[in-house]
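A.B. asks: Just so it is clear, I am handing over coords-v8.cif, which has mmCIF, C-alpha atoms.
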```
data_final
loop_
_atom_site.label_atom_id
_atom_site.label_comp_id
_atom_site.auth_asym_id
_atom_site.auth_seq_id
_atom_site.Cartn_x
_atom_site.Cartn_y
_atom_site.Cartn_z
CA PHE A 1 7.97 -11.85 13.94
CA TYR A 2 4.26 -11.27 13.40
CA CYS A 3 3.05 -9.96 16.74
CA GLY A 4 6.01 -8.15 18.30
CA ALA A 5 6.00 -10.45 21.35
CA THR A 6 9.05 -10.76 23.55
CA TYR A 7 10.47 -14.11 24.62
CA ASP A 8 13.23 -15.42 26.87
CA ALA A 9 16.18 -17.74 26.24
CA GLN A 10 13.97 -20.78 26.94
CA GLY A 11 11.46 -19.67 24.28
CA ASN A 12 8.77 -18.61 26.77
CA VAL A 13 6.62 -15.84 25.30
CA THR A 14 5.29 -12.70 26.92
CA LEU A 15 2.14 -12.27 24.86
CA PRO A 16 1.15 -8.74 23.79
CA ASP A 17 -1.80 -7.23 25.64
CA GLY A 18 -5.01 -8.22 23.87
CA PHE A 19 -3.55 -11.27 22.11
CA THR A 20 -6.09 -14.07 21.70
CA THR A 21 -6.09 -17.22 19.63
CA PRO A 22 -9.04 -19.22 18.30
CA LYS A 23 -7.06 -22.51 18.49
CA HIS A 24 -3.82 -24.05 19.72
CA GLU A 25 -3.92 -22.22 23.07
CA LYS A 26 -1.25 -24.54 24.51
CA ARG A 27 1.17 -23.41 21.80
CA ALA A 28 0.60 -19.70 22.50
CA ASP A 29 3.11 -19.40 25.34
CA LYS A 30 6.11 -20.73 23.41
CA ILE A 31 8.17 -19.50 20.49
CA GLU A 32 8.40 -21.78 17.46
CA TRP A 33 10.62 -21.28 14.42
CA GLU A 34 8.42 -20.35 11.48
CA HIS A 35 9.54 -20.97 7.90
CA ALA A 36 8.36 -17.82 6.09
CA LEU A 37 8.47 -19.89 2.90
CA PRO A 38 6.89 -23.09 4.27
CA ALA A 39 9.03 -26.23 4.26
CA GLU A 40 6.22 -28.08 2.50
CA ASN A 41 6.30 -25.60 -0.38
CA PHE A 42 9.94 -26.30 -1.20
CA GLY A 43 9.86 -29.87 0.13
CA GLN A 44 7.43 -30.85 -2.62
CA THR A 45 10.21 -30.25 -5.15
CA PHE A 46 12.11 -33.28 -3.75
CA VAL A 47 11.23 -36.78 -4.91
CA GLU A 48 11.92 -38.12 -1.39
CA TRP A 49 9.19 -35.84 -0.03
CA ARG A 50 6.67 -36.83 -2.71
CA GLU A 51 7.43 -40.52 -3.14
CA GLY A 52 9.83 -41.66 -0.42
CA ALA A 53 13.15 -43.48 -0.86
CA PRO A 54 14.51 -46.98 -0.17
CA GLU A 55 16.25 -45.68 3.00
CA CYS A 56 12.97 -44.29 4.37
CA VAL A 57 11.70 -47.28 6.31
CA ASP A 58 10.91 -47.20 10.04
CA ASN A 59 11.82 -49.88 12.61
CA ARG A 60 8.59 -51.75 11.80
CA SER A 61 9.57 -51.95 8.10
CA LYS A 62 6.94 -49.36 7.16
CA ALA A 63 7.93 -46.97 4.34
CA PHE A 64 7.51 -43.24 4.92
CA LYS A 65 7.85 -40.09 2.83
CA GLY A 66 7.39 -36.36 3.35
CA ARG A 67 9.55 -34.16 5.56
CA LYS A 68 11.09 -37.02 7.54
CA CYS A 69 12.27 -38.83 4.44
CA ALA A 70 13.64 -35.67 2.79
CA GLU A 71 15.48 -34.81 6.05
CA LYS A 72 16.95 -38.29 6.26
CA VAL A 73 18.34 -38.68 2.74
CA ASN A 74 18.67 -35.30 1.03
CA ALA A 75 21.40 -32.87 2.09
CA GLU A 76 20.05 -30.07 -0.13
CA TYR A 77 16.65 -30.31 1.56
CA ARG A 78 18.30 -30.20 5.01
CA MET A 79 20.22 -27.10 3.99
CA MET A 80 17.06 -25.37 2.74
CA GLN A 81 15.09 -26.32 5.83
CA ALA A 82 17.82 -24.97 8.13
CA ASP A 83 18.56 -21.78 6.16
CA MET A 84 18.41 -19.11 8.85
CA TYR A 85 17.22 -16.39 6.47
CA ASN A 86 13.92 -18.27 6.16
CA LEU A 87 13.44 -18.89 9.91
CA PHE A 88 11.66 -16.43 12.20
CA PRO A 89 10.49 -16.66 15.82
CA ALA A 90 6.70 -16.83 15.95
CA ILE A 91 4.15 -17.45 18.68
CA GLY A 92 3.41 -21.17 18.44
CA ALA A 93 -0.34 -20.69 17.98
CA VAL A 94 0.25 -18.27 15.10
CA ASN A 95 2.72 -20.66 13.47
CA ALA A 96 0.20 -23.52 13.83
CA LEU A 97 -2.71 -21.60 12.28
CA ARG A 98 -0.61 -20.10 9.49
CA SER A 99 0.35 -23.66 8.51
CA ASN A 100 1.72 -23.68 4.93
CA PHE A 101 -0.68 -21.02 3.64
CA ASN A 102 0.45 -18.51 1.03
CA TYR A 103 0.61 -14.87 1.95
CA ALA A 104 -2.02 -12.58 0.46
CA MET A 105 -3.92 -9.38 1.21
CA LEU A 106 -7.23 -10.18 2.93
CA ALA A 107 -9.18 -6.94 2.66
CA GLY A 108 -11.99 -6.63 5.18
CA GLU A 109 -10.93 -9.65 7.25
CA PRO A 110 -10.59 -9.06 11.00
CA ALA A 111 -7.36 -9.85 12.84
CA THR A 112 -7.32 -13.51 13.85
CA PHE A 113 -5.31 -12.98 17.04
CA GLY A 114 -6.92 -10.00 18.73
CA SER A 115 -4.37 -7.21 19.09
CA CYS A 116 -1.91 -8.98 16.76
CA ASP A 117 -2.78 -7.89 13.22
CA MET A 118 -2.13 -11.30 11.61
CA LYS A 119 -5.10 -12.46 9.51
CA ILE A 120 -5.83 -16.02 8.45
CA SER A 121 -8.80 -16.92 6.30
CA GLY A 122 -9.37 -20.03 4.24
CA ASN A 123 -5.93 -21.09 3.08
CA LYS A 124 -4.39 -17.58 2.96
CA ALA A 125 -2.52 -15.50 5.54
CA GLU A 126 -2.05 -11.73 5.63
CA PRO A 127 0.91 -10.77 7.80
CA PRO A 128 0.99 -7.48 9.69
CA ALA A 129 2.84 -4.58 8.05
CA ARG A 130 5.80 -5.12 10.42
CA ALA A 131 6.67 -8.43 8.67
CA ARG A 132 5.81 -7.80 5.02
CA GLY A 133 9.11 -6.38 3.77
CA GLN A 134 11.13 -9.13 5.46
CA ILE A 135 8.83 -11.77 3.99
CA ALA A 136 9.27 -10.36 0.48
CA ARG A 137 13.06 -10.27 0.72
CA THR A 138 13.10 -13.78 2.22
CA TYR A 139 11.04 -15.22 -0.64
CA PHE A 140 13.26 -13.56 -3.26
CA TYR A 141 16.35 -14.90 -1.50
CA MET A 142 14.97 -18.45 -1.31
CA ARG A 143 13.82 -18.32 -4.94
CA ASP A 144 17.25 -17.27 -6.19
CA ARG A 145 19.42 -19.36 -3.87
CA TYR A 146 17.55 -22.62 -4.40
CA ASP A 147 16.14 -22.08 -7.90
CA LEU A 148 12.51 -22.15 -6.76
CA ASN A 149 9.51 -20.87 -8.68
CA LEU A 150 7.28 -18.06 -7.45
CA SER A 151 3.94 -17.44 -9.09
CA ARG A 152 3.42 -14.18 -10.96
CA GLN A 153 0.86 -13.15 -8.34
CA GLN A 154 3.24 -13.82 -5.44
CA THR A 155 6.08 -12.03 -7.23
CA GLN A 156 3.91 -8.94 -7.78
CA LEU A 157 2.80 -8.92 -4.14
CA PHE A 158 6.35 -9.28 -2.84
CA ASN A 159 7.69 -6.61 -5.21
CA ALA A 160 5.09 -4.23 -3.76
CA TRP A 161 5.92 -5.19 -0.16
CA ASP A 162 9.66 -4.83 -0.80
CA LYS A 163 9.10 -1.23 -1.96
CA GLN A 164 6.45 -0.30 0.64
CA TYR A 165 8.33 -1.72 3.64
CA PRO A 166 12.06 -0.97 3.34
CA VAL A 167 14.73 -2.69 5.41
CA THR A 168 14.97 -1.73 9.06
CA GLU A 169 18.10 -1.38 11.15
CA TRP A 170 17.24 -4.70 12.83
CA GLU A 171 16.91 -6.47 9.46
CA CYS A 172 20.39 -5.21 8.53
CA GLN A 173 21.82 -6.43 11.86
CA ARG A 174 20.11 -9.79 11.44
CA ASP A 175 21.62 -10.20 7.96
CA GLU A 176 25.11 -9.50 9.34
CA ARG A 177 24.65 -11.92 12.23
CA ILE A 178 23.35 -14.73 10.03
CA ALA A 179 26.15 -14.16 7.50
CA ARG A 180 28.74 -14.63 10.26
CA VAL A 181 27.25 -18.04 11.14
CA GLN A 182 25.95 -19.28 7.79
CA GLY A 183 28.61 -17.76 5.52
CA ASN A 184 26.35 -15.91 3.07
CA HIS A 185 24.17 -12.81 2.91
CA ASN A 186 20.64 -12.28 1.70
CA PRO A 187 21.59 -9.99 -1.21
CA TYR A 188 18.18 -8.29 -1.21
CA VAL A 189 18.74 -7.21 2.37
CA GLN A 190 22.46 -6.53 2.03
CA ARG A 191 22.04 -4.25 -1.01
CA ALA A 192 19.23 -2.28 0.64
CA CYS A 193 21.25 -1.87 3.85
CA GLN A 194 24.29 -0.64 1.90
CA ALA A 195 22.13 1.80 -0.06
CA GLN A 196 20.71 3.22 3.17
CA LYS A 197 24.23 3.84 4.51
CA SER A 198 25.44 5.69 1.39
#
```
Would you mind writing the file's structure down as structure tokens?
C.D. replies:
Amino acid sequence: FYCGATYDAQGNVTLPDGFTTPKHEKRADKIEWEHALPAENFGQTFVEWREGAPECVDNRSKAFKGRKCAEKVNAEYRMMQADMYNLFPAIGAVNALRSNFNYAMLAGEPATFGSCDMKISGNKAEPPARARGQIARTYFYMRDRYDLNLSRQQTQLFNAWDKQYPVTEWECQRDERIARVQGNHNPYVQRACQAQKS
């Protein structure tokens, strides 16, 4: 998604020439499924994530909360976490370093991963141009489908990315494929794809 790497059916990555990572080297040769809108960001809206629930007790009678509790007891959370429009294949090391950081423009920052133009600094991440339009349309989809809030700053950034980086043929194909499995479209992608055809 970020670096243009290829990978096989087992999730083994062929790293792009010049790719380096400052951390998580062992995760660099595998694909992981990245939530463009981090699970923690929408997970925090669920009481089970924040506070736990009576059902969230392990086999040693210890209460737990967070992702595991929300997964266990809340069907809406499970649906959001598994929504394929928000899942993208990413090199494991990139996924690990991106963490749950918000996207932003990081002017003057060098690429964090050598030849892959993904930048991470502080608690912000600037994706390469190749991913920006898809990220914008994914955030708008998640906001509307699950009634989430986006900050004014994020909304302005994603509006700009949506205009600057229009849908690609692959994004249109991906929308059709996901719709066949999941039963719904990302309307931001679908409308743009239909407009391109007409």
A.B. asks: Which value, in Å to one decimal, gives the distance between atom CA of A:Thr21 and atom CA of A:Leu37?
C.D. replies: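 Going from atom CA of A:Thr21 over to atom CA of A:Leu37 covers 22.3 Å.
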A.B. asks: Which residue gives the smallest distance to A:Gly133 among A:Arg60, A:Lys197, A:Lys163, A:Arg152, with only C-alpha atoms counted?
C.D. replies: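 Checking each candidate against A:Gly133, we get A:Lys163 as the closest.
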A.B. asks: Rank nothing, just name the residue among A:Ala5, A:Leu97, A:Ala39, A:Ile135 nearest to A:Gly122, using all atoms listed in the file.
C.D. replies: A:Leu97
A.B. asks: State, in Å with one decimal place, the distance from atom CA of A:Gly183 to atom CA of A:Glu40.
C.D. replies: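 Answer for the atom CA of A:Gly183 to atom CA of A:Glu40 separation: 24.8 Å.
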A.B. asks: Residues within 9 Å of (-1.1, -17.5, 22.9), file coordinates, counting only C-alpha atoms: what are they? Give the list as a PDB file with C-alpha atoms, in the coordinates of the input.
C.D. replies:
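Resulting contents of result-v8.pdb:
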```
ATOM      1  CA  VAL A  13       6.620 -15.840  25.300  1.00  0.00           C
ATOM      2  CA  THR A  14       5.290 -12.700  26.920  1.00  0.00           C
ATOM      3  CA  LEU A  15       2.140 -12.270  24.860  1.00  0.00           C
ATOM      4  CA  PHE A  19      -3.550 -11.270  22.110  1.00  0.00           C
ATOM      5  CA  THR A  20      -6.090 -14.070  21.700  1.00  0.00           C
ATOM      6  CA  THR A  21      -6.090 -17.220  19.630  1.00  0.00           C
ATOM      7  CA  LYS A  23      -7.060 -22.510  18.490  1.00  0.00           C
ATOM      8  CA  HIS A  24      -3.820 -24.050  19.720  1.00  0.00           C
ATOM      9  CA  GLU A  25      -3.920 -22.220  23.070  1.00  0.00           C
ATOM     10  CA  LYS A  26      -1.250 -24.540  24.510  1.00  0.00           C
ATOM     11  CA  ARG A  27       1.170 -23.410  21.800  1.00  0.00           C
ATOM     12  CA  ALA A  28       0.600 -19.700  22.500  1.00  0.00           C
ATOM     13  CA  ASP A  29       3.110 -19.400  25.340  1.00  0.00           C
ATOM     14  CA  LYS A  30       6.110 -20.730  23.410  1.00  0.00           C
ATOM     15  CA  ILE A  91       4.150 -17.450  18.680  1.00  0.00           C
ATOM     16  CA  GLY A  92       3.410 -21.170  18.440  1.00  0.00           C
ATOM     17  CA  ALA A  93      -0.340 -20.690  17.980  1.00  0.00           C
ATOM     18  CA  VAL A  94       0.250 -18.270  15.100  1.00  0.00           C
ATOM     19  CA  PHE A 113      -5.310 -12.980  17.040  1.00  0.00           C
TER      20      PHE A 113
END
```
A.B. asks: Apply the PyMOL selection byres ((chain A and resi 3) around 10) to the file shown and report the selected residues as a list in words.
C.D. replies: Phe1, Tyr2, Gly4, Ala5, Thr6, Leu15, Pro16, Phe19, Ala90, Ile91, Val94, Phe113, Ser115, Cys116, Asp117, Met118, Pro127, Pro128, Arg130 and Ala131 of chain A
A.B. asks: Which residues match the PyMOL selection byres ((chain A and resi 54) around 12) in the file above, as JSON, numbers by chain?
C.D. replies: {"A": [47, 48, 51, 52, 53, 55, 56, 57, 58, 61, 62, 63, 64, 65, 69, 70, 72, 73]}
A.B. asks: Can you work out which one of A:Ser198, A:Pro89, A:Ala136, A:Arg143 has the shortest atom-to-atom distance to A:Tyr7, counting only C-alpha atoms?
C.D. replies: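 Closest to A:Tyr7, using only C-alpha atoms: A:Pro89.
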A.B. asks: Pick out the closest residue to A:Tyr139 from this set: A:Glu169, A:Arg177, A:Gln156, A:Asn86. Count all atoms listed in the file.
C.D. replies: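 Under the stated criterion, the closest residue is A:Asn86.
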A.B. asks: Could you state the separation of atom CA of A:Gly43 and atom CA of A:Met105 in Å, given to one decimal place?
C.D. replies: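 Rounded to one decimal, the two atoms are 24.7 Å apart.
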A.B. asks: Compare A:Asp175, A:Glu71, A:Asp17, A:Glu126 by their minimum atom-to-atom distance to A:Thr138, counting all atoms listed in the file, and give me the closest one.
C.D. replies: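 Distance minimum relative to A:Thr138 lands on A:Asp175.
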